[in-house]
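Asks: For reference, this is query.cif, and it has mmCIF, C-alpha atoms and all ligand atoms.
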data_run
#
loop_
_atom_site.label_atom_id
_atom_site.label_comp_id
_atom_site.auth_asym_id
_atom_site.auth_seq_id
_atom_site.Cartn_x
_atom_site.Cartn_y
_atom_site.Cartn_z
CA MET A 1 127.69 101.46 72.15
CA ARG A 2 126.52 98.03 73.26
CA MET A 3 124.47 97.39 76.37
CA TYR A 4 126.46 94.18 76.85
CA ASP A 5 129.66 96.20 77.39
CA VAL A 6 127.99 98.58 79.83
CA ILE A 7 126.77 95.63 81.92
CA ALA A 8 130.20 93.93 81.83
CA LYS A 9 131.95 97.14 82.86
CA LYS A 10 129.75 97.59 85.92
CA ARG A 11 129.92 93.86 86.74
CA ASP A 12 133.72 94.27 86.89
CA GLY A 13 133.45 97.19 89.31
CA LYS A 14 134.44 99.99 86.92
CA HIS A 15 132.82 103.42 86.74
CA LEU A 16 130.33 104.14 83.97
CA THR A 17 130.57 107.37 82.01
CA GLU A 18 127.71 109.84 81.70
CA GLU A 19 127.27 108.73 78.05
CA GLU A 20 127.00 105.08 79.06
CA ILE A 21 124.41 105.87 81.71
CA GLN A 22 122.41 108.01 79.28
CA PHE A 23 122.60 105.23 76.68
CA PHE A 24 121.10 102.79 79.18
CA ILE A 25 118.33 105.09 80.41
CA GLU A 26 117.32 106.31 76.94
CA GLY A 27 117.38 102.78 75.57
CA TYR A 28 115.42 101.37 78.49
CA THR A 29 112.80 104.13 78.18
CA ASP A 30 112.30 103.65 74.42
CA GLY A 31 112.36 99.86 74.66
CA SER A 32 115.59 99.23 72.73
CA VAL A 33 117.22 97.96 75.92
CA PRO A 34 115.19 94.93 77.06
CA ASP A 35 114.19 94.13 80.65
CA TYR A 36 116.73 91.31 80.96
CA GLN A 37 119.66 93.61 80.24
CA ALA A 38 118.29 96.34 82.51
CA SER A 39 117.87 93.82 85.33
CA ALA A 40 121.43 92.54 84.85
CA LEU A 41 122.73 96.11 85.11
CA ALA A 42 120.55 96.82 88.17
CA MET A 43 122.00 93.74 89.86
CA ALA A 44 125.55 94.78 88.92
CA ILE A 45 124.88 98.23 90.44
CA TYR A 46 123.44 96.53 93.52
CA PHE A 47 126.74 94.69 94.09
CA GLN A 48 129.28 97.21 92.74
CA ASP A 49 127.63 100.50 93.80
CA MET A 50 128.09 103.81 91.95
CA ASN A 51 130.31 106.78 92.73
CA ASP A 52 129.01 110.35 93.08
CA ASP A 53 129.43 111.18 89.38
CA GLU A 54 127.56 108.06 88.29
CA ARG A 55 124.75 108.73 90.76
CA ALA A 56 124.37 112.32 89.52
CA ALA A 57 124.40 111.16 85.89
CA LEU A 58 121.79 108.45 86.56
CA THR A 59 119.53 110.96 88.32
CA MET A 60 119.70 113.52 85.53
CA ALA A 61 119.27 110.86 82.81
CA MET A 62 116.03 109.80 84.54
CA VAL A 63 114.93 113.45 84.88
CA HIS A 64 115.36 113.87 81.12
CA SER A 65 113.57 110.61 80.24
CA GLY A 66 110.22 112.44 80.30
CA ASP A 67 108.54 115.78 80.93
CA THR A 68 109.92 118.26 83.41
CA ILE A 69 107.87 120.92 85.15
CA ASP A 70 108.99 124.49 84.56
CA LEU A 71 108.36 126.64 87.63
CA SER A 72 110.51 129.53 86.44
CA ASP A 73 107.46 131.83 86.27
CA ILE A 74 107.19 131.55 90.04
CA ASP A 75 109.21 134.19 91.90
CA GLY A 76 111.77 133.03 94.43
CA ILE A 77 113.51 129.79 95.25
CA LYS A 78 111.10 126.86 95.08
CA VAL A 79 111.88 124.48 97.90
CA ASP A 80 110.24 121.07 97.88
CA LYS A 81 110.00 118.61 100.75
CA HIS A 82 110.04 114.86 100.38
CA SER A 83 109.37 112.24 102.99
CA THR A 84 110.41 108.65 102.43
CA GLY A 85 106.96 107.74 103.75
CA GLY A 86 105.42 107.17 107.12
CA VAL A 87 102.27 106.52 109.07
CA GLY A 88 100.12 109.44 110.18
CA ASP A 89 102.73 111.77 108.71
CA THR A 90 100.84 115.05 108.82
CA THR A 91 103.93 117.23 108.25
CA THR A 92 103.19 118.37 104.69
CA LEU A 93 99.79 119.74 105.76
CA CYS A 94 101.48 121.71 108.54
CA LEU A 95 104.63 122.69 106.68
CA ALA A 96 103.18 124.02 103.45
CA PRO A 97 101.11 126.89 104.98
CA LEU A 98 103.68 127.55 107.70
CA VAL A 99 106.60 127.98 105.32
CA ALA A 100 104.46 129.94 102.84
CA SER A 101 103.54 132.31 105.68
CA VAL A 102 107.17 133.52 105.77
CA ASP A 103 107.08 134.01 101.97
CA VAL A 104 108.92 130.89 100.84
CA PRO A 105 107.01 129.79 97.71
CA VAL A 106 105.53 126.30 98.04
CA ALA A 107 104.58 124.85 94.65
CA LYS A 108 103.56 121.38 95.66
CA MET A 109 102.88 118.51 93.34
CA SER A 110 101.35 115.72 95.36
CA GLY A 111 100.00 112.23 95.00
CA ARG A 112 97.31 110.09 96.50
CA GLY A 113 98.06 107.52 99.14
CA LEU A 114 98.66 103.86 98.44
CA GLY A 115 98.82 101.20 101.11
CA HIS A 116 99.24 102.25 104.70
CA THR A 117 100.82 105.66 104.06
CA GLY A 118 98.43 108.50 103.36
CA GLY A 119 98.56 110.95 100.46
CA THR A 120 98.46 114.69 100.95
CA ILE A 121 95.78 115.15 98.27
CA ASP A 122 93.42 112.67 99.92
CA LYS A 123 93.83 114.43 103.24
CA LEU A 124 93.15 117.86 101.74
CA GLU A 125 90.07 116.58 99.91
CA SER A 126 88.39 116.02 103.26
CA VAL A 127 87.91 119.80 103.27
CA PRO A 128 84.55 120.23 101.44
CA GLY A 129 85.04 121.68 97.94
CA PHE A 130 88.84 121.57 97.93
CA HIS A 131 90.28 120.34 94.65
CA VAL A 132 93.68 120.00 92.98
CA GLU A 133 92.41 119.87 89.40
CA ILE A 134 93.78 123.27 88.43
CA SER A 135 95.57 124.28 85.24
CA SER A 136 99.30 124.85 85.35
CA ASP A 137 98.73 128.59 84.69
CA GLU A 138 96.37 128.77 87.64
CA PHE A 139 98.90 126.86 89.74
CA VAL A 140 101.69 129.33 88.92
CA ASN A 141 99.39 132.33 89.53
CA LEU A 142 98.25 131.01 92.89
CA VAL A 143 101.80 130.40 94.09
CA ASN A 144 102.81 133.91 93.02
CA LYS A 145 99.77 135.41 94.76
CA ASN A 146 99.52 133.30 97.95
CA LYS A 147 102.94 131.57 98.01
CA LEU A 148 101.16 128.23 98.12
CA ALA A 149 99.25 125.87 95.83
CA VAL A 150 98.92 122.11 95.46
CA ILE A 151 98.40 120.36 92.14
CA GLY A 152 97.90 116.67 91.32
CA GLN A 153 100.65 114.77 89.59
CA THR A 154 100.41 115.43 85.87
CA GLY A 155 102.36 114.62 82.76
CA ASN A 156 104.85 111.99 81.91
CA LEU A 157 107.38 112.56 84.71
CA THR A 158 110.46 110.28 84.92
CA PRO A 159 109.09 107.34 82.88
CA ALA A 160 112.52 105.68 83.18
CA ASP A 161 112.17 105.62 86.95
CA LYS A 162 108.65 104.17 86.75
CA LYS A 163 109.82 101.36 84.50
CA LEU A 164 113.02 100.70 86.41
CA TYR A 165 111.29 100.74 89.80
CA GLY A 166 108.79 98.15 88.55
CA LEU A 167 111.66 95.99 87.32
CA ARG A 168 113.64 96.35 90.56
CA ASP A 169 110.56 95.34 92.51
CA VAL A 170 110.55 91.89 90.87
CA THR A 171 114.33 91.36 90.61
CA ALA A 172 115.33 91.92 94.26
CA THR A 173 117.17 95.16 93.45
CA VAL A 174 115.01 97.74 95.22
CA ASN A 175 117.29 97.91 98.21
CA SER A 176 120.28 99.62 96.62
CA ILE A 177 121.33 103.07 97.83
CA PRO A 178 122.37 104.51 94.42
CA LEU A 179 119.14 103.22 92.84
CA ILE A 180 116.83 104.47 95.60
CA ALA A 181 118.57 107.85 95.90
CA SER A 182 118.52 108.55 92.15
CA SER A 183 114.90 107.38 91.92
CA ILE A 184 113.68 109.77 94.61
CA MET A 185 115.83 112.72 93.54
CA SER A 186 114.90 112.41 89.85
CA LYS A 187 111.20 112.80 90.70
CA LYS A 188 111.78 115.90 92.85
CA ILE A 189 113.99 117.53 90.21
CA ALA A 190 111.61 116.73 87.35
CA SER A 191 108.79 118.37 89.28
CA GLY A 192 110.66 121.65 89.33
CA ALA A 193 112.35 121.94 92.73
CA ASP A 194 115.25 124.42 92.99
CA ALA A 195 116.11 123.14 96.46
CA ILE A 196 115.04 120.05 98.37
CA VAL A 197 114.48 119.10 102.01
CA LEU A 198 114.34 115.38 102.72
CA ASP A 199 112.73 113.66 105.68
CA VAL A 200 114.29 110.22 105.80
CA LYS A 201 112.35 108.00 108.17
CA THR A 202 113.80 105.20 110.20
CA GLY A 203 112.12 102.49 112.29
CA ALA A 204 109.37 99.89 111.86
CA GLY A 205 107.11 102.09 109.72
CA ALA A 206 109.94 103.15 107.43
CA PHE A 207 111.53 101.91 104.27
CA MET A 208 114.96 102.12 105.96
CA LYS A 209 114.60 100.14 109.18
CA SER A 210 117.96 101.05 110.76
CA LYS A 211 119.49 104.44 111.53
CA GLU A 212 122.67 103.52 109.67
CA GLU A 213 120.79 102.71 106.46
CA ALA A 214 118.72 105.89 106.77
CA GLU A 215 121.86 107.95 107.22
CA GLU A 216 123.52 106.39 104.20
CA LEU A 217 120.44 107.07 102.05
CA ALA A 218 120.13 110.65 103.33
CA LYS A 219 123.79 111.40 102.60
CA ALA A 220 123.50 109.86 99.14
CA MET A 221 120.51 112.05 98.28
CA VAL A 222 122.06 115.22 99.72
CA SER A 223 125.19 114.73 97.64
CA ILE A 224 123.23 114.01 94.46
CA GLY A 225 121.23 117.21 95.01
CA ASN A 226 124.28 119.31 95.65
CA ASN A 227 126.14 117.74 92.69
CA VAL A 228 123.35 118.60 90.24
CA GLY A 229 122.92 122.17 91.45
CA ARG A 230 119.94 121.70 93.80
CA GLN A 231 120.81 122.62 97.37
CA THR A 232 119.60 119.76 99.53
CA MET A 233 119.33 119.11 103.26
CA ALA A 234 117.99 116.11 105.14
CA VAL A 235 116.56 115.15 108.48
CA ILE A 236 116.58 111.60 109.81
CA SER A 237 113.47 111.13 111.90
CA ASP A 238 111.81 108.38 113.88
CA MET A 239 109.03 106.28 112.37
CA SER A 240 109.00 103.46 114.91
CA GLN A 241 105.62 104.76 116.11
CA PRO A 242 103.14 106.88 114.09
CA LEU A 243 103.86 110.62 113.98
CA GLY A 244 101.54 112.84 115.99
CA ARG A 245 98.29 111.38 117.27
CA ALA A 246 96.00 111.19 114.24
CA ILE A 247 96.10 108.62 111.44
CA GLY A 248 93.41 109.08 108.81
CA ASN A 249 92.54 111.79 106.34
CA ALA A 250 90.09 114.22 108.01
CA LEU A 251 91.60 113.38 111.41
CA GLU A 252 95.00 114.52 110.16
CA VAL A 253 93.58 117.74 108.72
CA ARG A 254 92.21 118.46 112.16
CA GLU A 255 95.61 117.67 113.65
CA ALA A 256 97.28 120.05 111.20
CA ILE A 257 94.83 122.81 112.19
CA ASP A 258 95.69 122.23 115.85
CA THR A 259 99.41 122.31 115.07
CA LEU A 260 99.19 125.55 113.09
CA ASN A 261 97.24 126.99 116.04
CA GLY A 262 100.11 126.04 118.35
CA ARG A 263 98.17 123.22 120.02
CA GLY A 264 99.49 120.25 118.06
CA PRO A 265 101.21 117.10 119.31
CA GLU A 266 104.76 117.72 120.47
CA ASP A 267 106.50 115.41 117.98
CA LEU A 268 104.58 116.66 114.95
CA THR A 269 105.20 120.27 115.96
CA GLU A 270 108.90 119.63 116.46
CA LEU A 271 109.37 117.86 113.13
CA THR A 272 107.40 120.58 111.34
CA LEU A 273 109.66 123.27 112.83
CA THR A 274 112.84 121.29 112.06
CA LEU A 275 111.97 120.63 108.41
CA GLY A 276 110.42 124.07 108.03
CA SER A 277 113.60 125.77 109.25
CA GLN A 278 115.62 123.96 106.59
CA MET A 279 113.09 125.02 103.93
CA VAL A 280 113.26 128.66 105.03
CA VAL A 281 117.08 128.67 104.95
CA LEU A 282 117.19 127.02 101.52
CA GLY A 283 114.50 129.45 100.35
CA GLY A 284 116.86 132.27 101.25
CA LYS A 285 114.57 133.87 103.85
CA ALA A 286 116.87 133.28 106.84
CA GLU A 287 120.62 132.92 107.36
CA THR A 288 120.55 130.26 110.04
CA LEU A 289 118.27 127.44 111.14
CA ASP A 290 117.71 129.19 114.49
CA GLU A 291 116.63 132.41 112.84
CA ALA A 292 114.29 130.44 110.56
CA ARG A 293 112.80 128.57 113.48
CA ASN A 294 112.06 131.82 115.32
CA MET A 295 110.26 133.18 112.27
CA LEU A 296 108.10 130.05 112.05
CA GLU A 297 107.31 129.98 115.78
CA GLU A 298 106.32 133.62 115.62
CA ASN A 299 103.91 132.96 112.72
CA ILE A 300 102.25 130.17 114.66
CA GLN A 301 101.82 132.46 117.67
CA ASN A 302 100.60 135.54 115.78
CA GLY A 303 98.07 133.59 113.68
CA ASN A 304 99.72 134.15 110.29
CA ALA A 305 100.21 130.42 109.76
CA ILE A 306 96.55 129.53 110.28
CA LYS A 307 95.51 132.53 108.15
CA LYS A 308 97.69 131.15 105.34
CA LEU A 309 95.97 127.76 105.62
CA LYS A 310 92.54 129.41 105.20
CA GLU A 311 93.71 131.49 102.25
CA PHE A 312 95.14 128.40 100.57
CA LEU A 313 92.04 126.24 101.11
CA SER A 314 89.63 128.88 99.76
CA ALA A 315 91.84 129.64 96.76
CA GLN A 316 91.37 126.01 95.66
CA GLY A 317 87.63 125.87 96.27
CA GLY A 318 87.74 124.61 99.85
CA ASP A 319 85.42 125.67 102.64
CA ALA A 320 87.91 127.44 104.93
CA SER A 321 85.34 127.73 107.74
CA VAL A 322 86.36 124.18 108.76
CA VAL A 323 89.53 125.69 110.16
CA ASP A 324 87.49 127.43 112.86
CA GLN A 325 84.87 124.66 113.05
CA PRO A 326 86.74 121.38 112.53
CA ASP A 327 83.58 119.47 113.53
CA ALA A 328 82.37 120.26 110.01
CA LEU A 329 85.03 117.90 108.61
CA PRO A 330 83.81 114.39 107.74
CA GLN A 331 83.22 112.40 110.94
CA ALA A 332 82.86 108.68 111.45
CA ALA A 333 79.61 107.27 112.84
CA HIS A 334 81.18 105.26 115.65
CA LYS A 335 84.01 105.56 118.13
CA PHE A 336 85.58 102.62 119.94
CA GLU A 337 88.19 102.79 122.67
CA LEU A 338 91.10 100.37 122.83
CA GLU A 339 91.38 99.81 126.56
CA ALA A 340 94.67 98.81 128.15
CA LYS A 341 94.57 95.22 129.42
CA GLU A 342 97.17 96.04 132.08
CA SER A 343 98.76 99.08 133.72
CA GLY A 344 102.24 100.18 132.69
CA TYR A 345 104.29 102.15 130.21
CA VAL A 346 103.65 101.99 126.49
CA GLU A 347 106.75 100.31 125.10
CA ASN A 348 105.99 99.95 121.43
CA MET A 349 103.37 101.00 118.87
CA VAL A 350 104.46 99.34 115.62
CA ALA A 351 103.97 102.13 113.09
CA ASP A 352 103.31 100.17 109.91
CA GLU A 353 100.91 97.73 111.62
CA ILE A 354 98.92 100.59 113.10
CA GLY A 355 98.90 102.11 109.63
CA HIS A 356 97.50 98.82 108.30
CA ALA A 357 94.79 98.86 110.95
CA ALA A 358 93.76 102.35 109.79
CA MET A 359 93.74 101.04 106.22
CA MET A 360 91.45 98.16 107.26
CA LEU A 361 89.02 100.80 108.55
CA GLY A 362 89.02 102.32 105.06
CA ALA A 363 91.47 105.21 105.58
CA GLY A 364 93.91 103.89 102.97
CA ARG A 365 93.81 102.22 99.56
CA GLN A 366 94.50 98.50 99.13
CA THR A 367 94.79 99.04 95.35
CA LYS A 368 95.07 102.17 93.21
CA GLU A 369 91.35 101.89 92.39
CA SER A 370 89.98 101.53 95.95
CA GLU A 371 87.69 104.19 97.37
CA ILE A 372 88.76 105.59 100.70
CA ASP A 373 86.71 106.81 103.62
CA LEU A 374 87.97 110.26 104.60
CA ALA A 375 86.32 110.19 108.04
CA VAL A 376 87.78 107.03 109.55
CA GLY A 377 91.06 106.40 111.31
CA ILE A 378 92.81 106.15 114.63
CA VAL A 379 93.68 108.74 117.27
CA LEU A 380 96.40 107.79 119.74
CA ASN A 381 95.64 108.85 123.30
CA LYS A 382 98.97 107.45 124.49
CA LYS A 383 102.35 107.35 122.84
CA VAL A 384 105.51 105.37 123.54
CA GLY A 385 106.81 106.26 127.01
CA ASP A 386 103.38 107.29 128.39
CA TYR A 387 101.88 105.61 131.45
CA VAL A 388 98.52 103.91 130.99
CA GLU A 389 96.18 102.60 133.67
CA LYS A 390 94.43 99.24 133.15
CA GLY A 391 91.09 99.99 131.43
CA GLU A 392 92.20 103.43 130.24
CA SER A 393 91.98 104.16 126.52
CA ILE A 394 95.24 103.77 124.57
CA LEU A 395 93.64 104.94 121.35
CA THR A 396 90.27 105.75 119.80
CA ILE A 397 89.07 104.01 116.65
CA HIS A 398 86.90 106.19 114.38
CA ALA A 399 84.87 103.78 112.25
CA ASN A 400 81.94 103.62 109.89
CA GLN A 401 81.50 99.92 110.67
CA THR A 402 80.17 98.37 113.86
CA ASP A 403 82.41 95.32 113.98
CA VAL A 404 85.99 96.27 114.75
CA ASP A 405 87.04 93.09 116.61
CA GLU A 406 89.62 92.05 114.03
CA ILE A 407 91.10 95.55 113.97
CA LYS A 408 91.23 95.71 117.75
CA GLU A 409 93.05 92.39 117.83
CA LYS A 410 95.60 93.62 115.32
CA LEU A 411 96.15 96.76 117.41
CA TYR A 412 96.54 94.80 120.66
CA ASN A 413 99.10 92.57 118.92
CA ASN A 414 101.17 95.58 117.93
CA ILE A 415 101.11 97.63 121.10
CA SER A 416 103.13 96.44 124.06
CA ILE A 417 103.00 97.64 127.64
CA ASN A 418 105.85 97.23 130.10
CA SER A 419 105.67 97.43 133.88
CA SER A 420 108.91 99.42 134.10
CA GLU A 421 109.50 102.90 132.75
CA VAL A 422 110.14 103.30 129.00
CA GLN A 423 112.00 106.13 127.26
CA ALA A 424 110.17 107.84 124.39
CA PRO A 425 112.20 107.38 121.17
CA GLN A 426 114.31 110.27 119.98
CA LEU A 427 112.38 112.09 117.21
CA VAL A 428 115.11 113.75 115.17
CA HIS A 429 118.22 111.63 114.93
CA GLN A 430 120.34 113.80 112.72
CA LEU A 431 120.47 116.83 110.43
CA ILE A 432 122.49 116.44 107.24
CA SER A 433 123.46 119.37 105.09
CA GLN A 434 126.61 118.29 103.28
N1 LIG A 501 110.90 105.21 96.70
C1 LIG A 501 111.21 105.61 95.45
O1 LIG A 501 110.61 106.54 94.94
N2 LIG A 501 112.15 104.95 94.77
C2 LIG A 501 112.83 103.91 95.29
O2 LIG A 501 113.70 103.37 94.64
C3 LIG A 501 112.50 103.50 96.59
C4 LIG A 501 111.53 104.19 97.27
CA CA A 502 99.57 112.34 112.50
#
Write out the structure in this file as structure tokens.
Replies:
Amino acid sequence: MRMYDVIAKKRDGKHLTEEEIQFFIEGYTDGSVPDYQASALAMAIYFQDMNDDERAALTMAMVHSGDTIDLSDIDGIKVDKHSTGGVGDTTTLCLAPLVASVDVPVAKMSGRGLGHTGGTIDKLESVPGFHVEISSDEFVNLVNKNKLAVIGQTGNLTPADKKLYGLRDVTATVNSIPLIASSIMSKKIASGADAIVLDVKTGAGAFMKSKEEAEELAKAMVSIGNNVGRQTMAVISDMSQPLGRAIGNALEVREAIDTLNGRGPEDLTELTLTLGSQMVVLGGKAETLDEARNMLEENIQNGNAIKKLKEFLSAQGGDASVVDQPDALPQAAHKFELEAKESGYVENMVADEIGHAAMMLGAGRQTKESEIDLAVGIVLNKKVGDYVEKGESILTIHANQTDVDEIKEKLYNNISINSSEVQAPQLVHQLISQ
């Protein structure tokens, strides 16, 4: 087989066979296919698209380009959740213990945050003592015992995706549905998921800015999952403003504790229940989404969800007393209020820019090597649609620095207030299951 012919075939709009796709991915991983041929094929795919069979084949070829995690020693259906990335997205911290509390096993492999979106591991590490450096045997044992454990990303997972993503980044081929969908799905499948729930974000803070694009990506991923034997469902949710109220590591842990106690922000609670219901259905613990939702709501009310969070934190060395005394979590030295310059309705809080402001405070990494400050961040006192009086606080800045003028200016520039009433954005746009 010649790479030249594979490129020409796709350039001419024909469908590639599984063998041709494997030939490309294996060759690109081992270096026998050079970057210039891989970029030509990526551009051909960008213009000519791929059908369902090609997308499935590309996903599985990337899965098999490196190690795969074997979770077969864990009892039950392992359901993983993936979010396409957002600002102040505290859902994993809420979902994992909640879903585990109804006996759906959550074997979570997580990463650290980069840029303005936070990583689940960083957030959890704000609980004193908590660590994810556990052996894979310990990981499996903990999930069997408690239904929940989190481990750091290990091994050589989907090297083809890593290499191809880097190449796409510099050849203007990131924004291609078949390439994005196979990239995301290959990572979930390689890390051992039997079933997958996807939270595809749309809006300013999201990768997919429009609802139409988000829907197309969600449908592409759901059909890949179902075509390769992993039941998959998706939610399209709003990321035009940050989710919940807290943005920042320890602040989000506190927000998750509130949510599992039934006192969380409305949007975060709703998204947690929506995604959680899909996980419970795919995990085989409920027949319908409504039944699943009732089970989850009950476990928030009866305290089982918060009990599961404590059990999980202590099992991985964390001081679970912070759940009852959240003041023991890292706290910033200073608080500053962002006061409204006029009265009116909050019209817009640009999610990614507010995420950047939190990063400037030290809550996020500028580069992979940067140290982060777990205590700092932003808490929104108002959200889009809320009325604010001139001089009232829109948000509170939690800082370990005394000069926050530049950050305040950035926030003012990205929050608009309108004199007439504003509708809060719809949180869940669509559920996709086929
Ligand atoms: N995220 C991924 O993991 N892959 C893509 O291609 C785009 C976003
Ligand atoms: Ca949040």
Asks: Within 12 Å of ligand LIG 501 (chain A), which residues of chain A show up? Give each one with its shortest atom-to-atom distance in Å (one decimal) and the two atoms involved, counting all atoms listed in the file, rows by chain then rising residue number, as CSV.
Replies:
residue,atom,partner,partner_atom,distance
A:Ala42,CA,A:LIG501,O2,11.5
A:Tyr46,CA,A:LIG501,O2,12.0
A:Thr59,CA,A:LIG501,O2,11.5
A:Met62,CA,A:LIG501,N2,12.0
A:His82,CA,A:LIG501,O1,10.0
A:Ser83,CA,A:LIG501,N1,9.6
A:Thr84,CA,A:LIG501,N1,6.7
A:Gly85,CA,A:LIG501,N1,8.5
A:Gly86,CA,A:LIG501,N1,11.9
A:Thr158,CA,A:LIG501,O1,10.7
A:Ala160,CA,A:LIG501,N2,11.6
A:Asp161,CA,A:LIG501,N2,7.8
A:Lys162,CA,A:LIG501,O1,8.7
A:Lys163,CA,A:LIG501,O2,11.0
A:Leu164,CA,A:LIG501,O2,8.7
A:Tyr165,CA,A:LIG501,O2,6.0
A:Gly166,CA,A:LIG501,O2,9.4
A:Leu167,CA,A:LIG501,O2,10.6
A:Arg168,CA,A:LIG501,O2,8.1
A:Asp169,CA,A:LIG501,O2,8.9
A:Ala172,CA,A:LIG501,O2,11.6
A:Thr173,CA,A:LIG501,O2,9.0
A:Val174,CA,A:LIG501,O2,5.8
A:Asn175,CA,A:LIG501,O2,7.4
A:Ser176,CA,A:LIG501,O2,7.8
A:Ile177,CA,A:LIG501,O2,8.3
A:Pro178,CA,A:LIG501,O2,8.7
A:Leu179,CA,A:LIG501,O2,5.7
A:Ile180,CA,A:LIG501,O2,3.5
A:Ala181,CA,A:LIG501,O2,6.7
A:Ser182,CA,A:LIG501,O2,7.5
A:Ser183,CA,A:LIG501,N2,4.6
A:Ile184,CA,A:LIG501,O1,4.5
A:Met185,CA,A:LIG501,O1,8.2
A:Ser186,CA,A:LIG501,O1,8.9
A:Lys187,CA,A:LIG501,O1,7.6
A:Lys188,CA,A:LIG501,O1,9.7
A:Val200,CA,A:LIG501,C4,10.8
A:Lys201,CA,A:LIG501,C4,11.6
A:Ala206,CA,A:LIG501,C4,10.3
A:Phe207,CA,A:LIG501,C4,7.4
A:Met208,CA,A:LIG501,C4,9.6
A:Leu217,CA,A:LIG501,C3,10.3
A:Met221,CA,A:LIG501,N2,11.5
Asks: One decimal, in Å: what's the spacing between CA of Thr232 (chain A) and CA of Gly355 (chain A)?
Replies: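 That distance, rounded to one decimal, is 29.0 Å.
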Asks: What is the CA of Val197 (chain A) to CA of Ala286 (chain A) distance in Å?
Replies: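 Separation between CA of Val197 (chain A) and CA of Ala286 (chain A): 15.2 Å.
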Asks: Do you know which residues are within 8 Å of ligand CA 502 (chain A) using only C-alpha atoms and all ligand atoms? Can you write them as a list in words?
Replies: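 Final answer, ordered by chain and number: Val87, Gly88, Asp89, Thr90, Thr91, Pro242, Leu243, Gly244, Arg245, Ala246, Ile247, Gly248, Glu252, Glu255 and Leu268 of chain A.
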Asks: Can you measure CA of Val140 (chain A) to CA of Lys108 (chain A) for me? One decimal in Å is fine.
Replies: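 We find that CA of Val140 (chain A) and CA of Lys108 (chain A) lie 10.6 Å from each other.
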Asks: Could you list, as a tab-separated table (two decimals) with C-alpha atoms, in the coordinates of the input, every residue within 8 Å of Leu411 (chain A), counting all atoms listed in the file and ignoring same-chain residues fewer than 3 positions away?
Replies:
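Saved as result_35.tsv:
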chain	number	residue	atom	x	y	z
A	353	GLU	CA	100.91	97.73	111.62
A	354	ILE	CA	98.92	100.59	113.10
A	357	ALA	CA	94.79	98.86	110.95
A	407	ILE	CA	91.10	95.55	113.97
A	408	LYS	CA	91.23	95.71	117.75
A	414	ASN	CA	101.17	95.58	117.93
A	415	ILE	CA	101.11	97.63	121.10
Asks: Restricting the calculation to only C-alpha atoms, which member of A:Ser321, A:Asn304, A:Ser110, A:Ser237 is positioned closest to Lys209 (chain A)?
Replies: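 For Lys209 (chain A), the nearest of the given residues is A:Ser237.
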Asks: For a quick check of understanding, using all atoms listed in the file, which of A:Ala100, A:Leu380, A:Met3, A:Ile306 has the smallest distance to Tyr28 (chain A)?
Replies: A:Met3
Asks: Excluding Thr402 (chain A) and its own-chain neighbours fewer than 4 positions away, which residues fall within 10 Å of it when counting all atoms listed in the file? Please give them as a list in words.
Replies: Ala333, His334, Lys335 and Phe336 of chain A
Asks: Which one of A:Asp49, A:Glu266, A:Glu421, A:Asp319 sits closest to Ser126 (chain A) if you count all atoms listed in the file?
Replies: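 Closest to Ser126 (chain A) of all the choices is A:Asp319.
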Asks: Would you mind telling me which residue in A:Ile417, A:Ile372, A:Asp67, A:Met239 lies nearest to Ala204 (chain A) when using all atoms listed in the file?
Replies: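 Counting all atoms listed in the file, the residue closest to Ala204 (chain A) is A:Met239.
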Asks: Could you check the closest approach to Phe130 (chain A) for each of A:Asn226, A:Ser240, A:Gln316, A:Asn261 and tell me which residue wins, using only C-alpha atoms?
Replies: A:Gln316
Asks: Give the answer as one residue: which of A:Ala195, A:Leu273, A:Leu41, A:Ile378 has the shortest atom-to-atom distance to Lys78 (chain A), using all atoms listed in the file?
Replies: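 Checking each of A:Ala195, A:Leu273, A:Leu41, A:Ile378 against Lys78 (chain A), counting all atoms listed in the file, the winner is A:Ala195.
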Asks: Find the residues near Glu347 (chain A): any atom within 6 Å, counting only C-alpha atoms, skip ones fewer than 3 places away on the same chain, and give them as a PyMOL selection string.
Replies: chain A and resi 384+416-418+422
Asks: Can you pull out the residues contacting Ala61 (chain A)? Cut-off 10 Å, using only C-alpha atoms, and skip same-chain residues under 4 positions away; I want them as a PDB file with C-alpha atoms, keeping the file's coordinate frame.
Replies:
ATOM      1  CA  GLU A  18     127.710 109.840  81.700  1.00  0.00           C
ATOM      2  CA  GLU A  19     127.270 108.730  78.050  1.00  0.00           C
ATOM      3  CA  ILE A  21     124.410 105.870  81.710  1.00  0.00           C
ATOM      4  CA  GLN A  22     122.410 108.010  79.280  1.00  0.00           C
ATOM      5  CA  PHE A  23     122.600 105.230  76.680  1.00  0.00           C
ATOM      6  CA  PHE A  24     121.100 102.790  79.180  1.00  0.00           C
ATOM      7  CA  ILE A  25     118.330 105.090  80.410  1.00  0.00           C
ATOM      8  CA  GLU A  26     117.320 106.310  76.940  1.00  0.00           C
ATOM      9  CA  ARG A  55     124.750 108.730  90.760  1.00  0.00           C
ATOM     10  CA  ALA A  56     124.370 112.320  89.520  1.00  0.00           C
ATOM     11  CA  ALA A  57     124.400 111.160  85.890  1.00  0.00           C
ATOM     12  CA  SER A  65     113.570 110.610  80.240  1.00  0.00           C
ATOM     13  CA  GLY A  66     110.220 112.440  80.300  1.00  0.00           C
ATOM     14  CA  THR A 158     110.460 110.280  84.920  1.00  0.00           C
ATOM     15  CA  ALA A 160     112.520 105.680  83.180  1.00  0.00           C
ATOM     16  CA  ASP A 161     112.170 105.620  86.950  1.00  0.00           C
ATOM     17  CA  SER A 182     118.520 108.550  92.150  1.00  0.00           C
ATOM     18  CA  SER A 186     114.900 112.410  89.850  1.00  0.00           C
TER      19      SER A 186
END
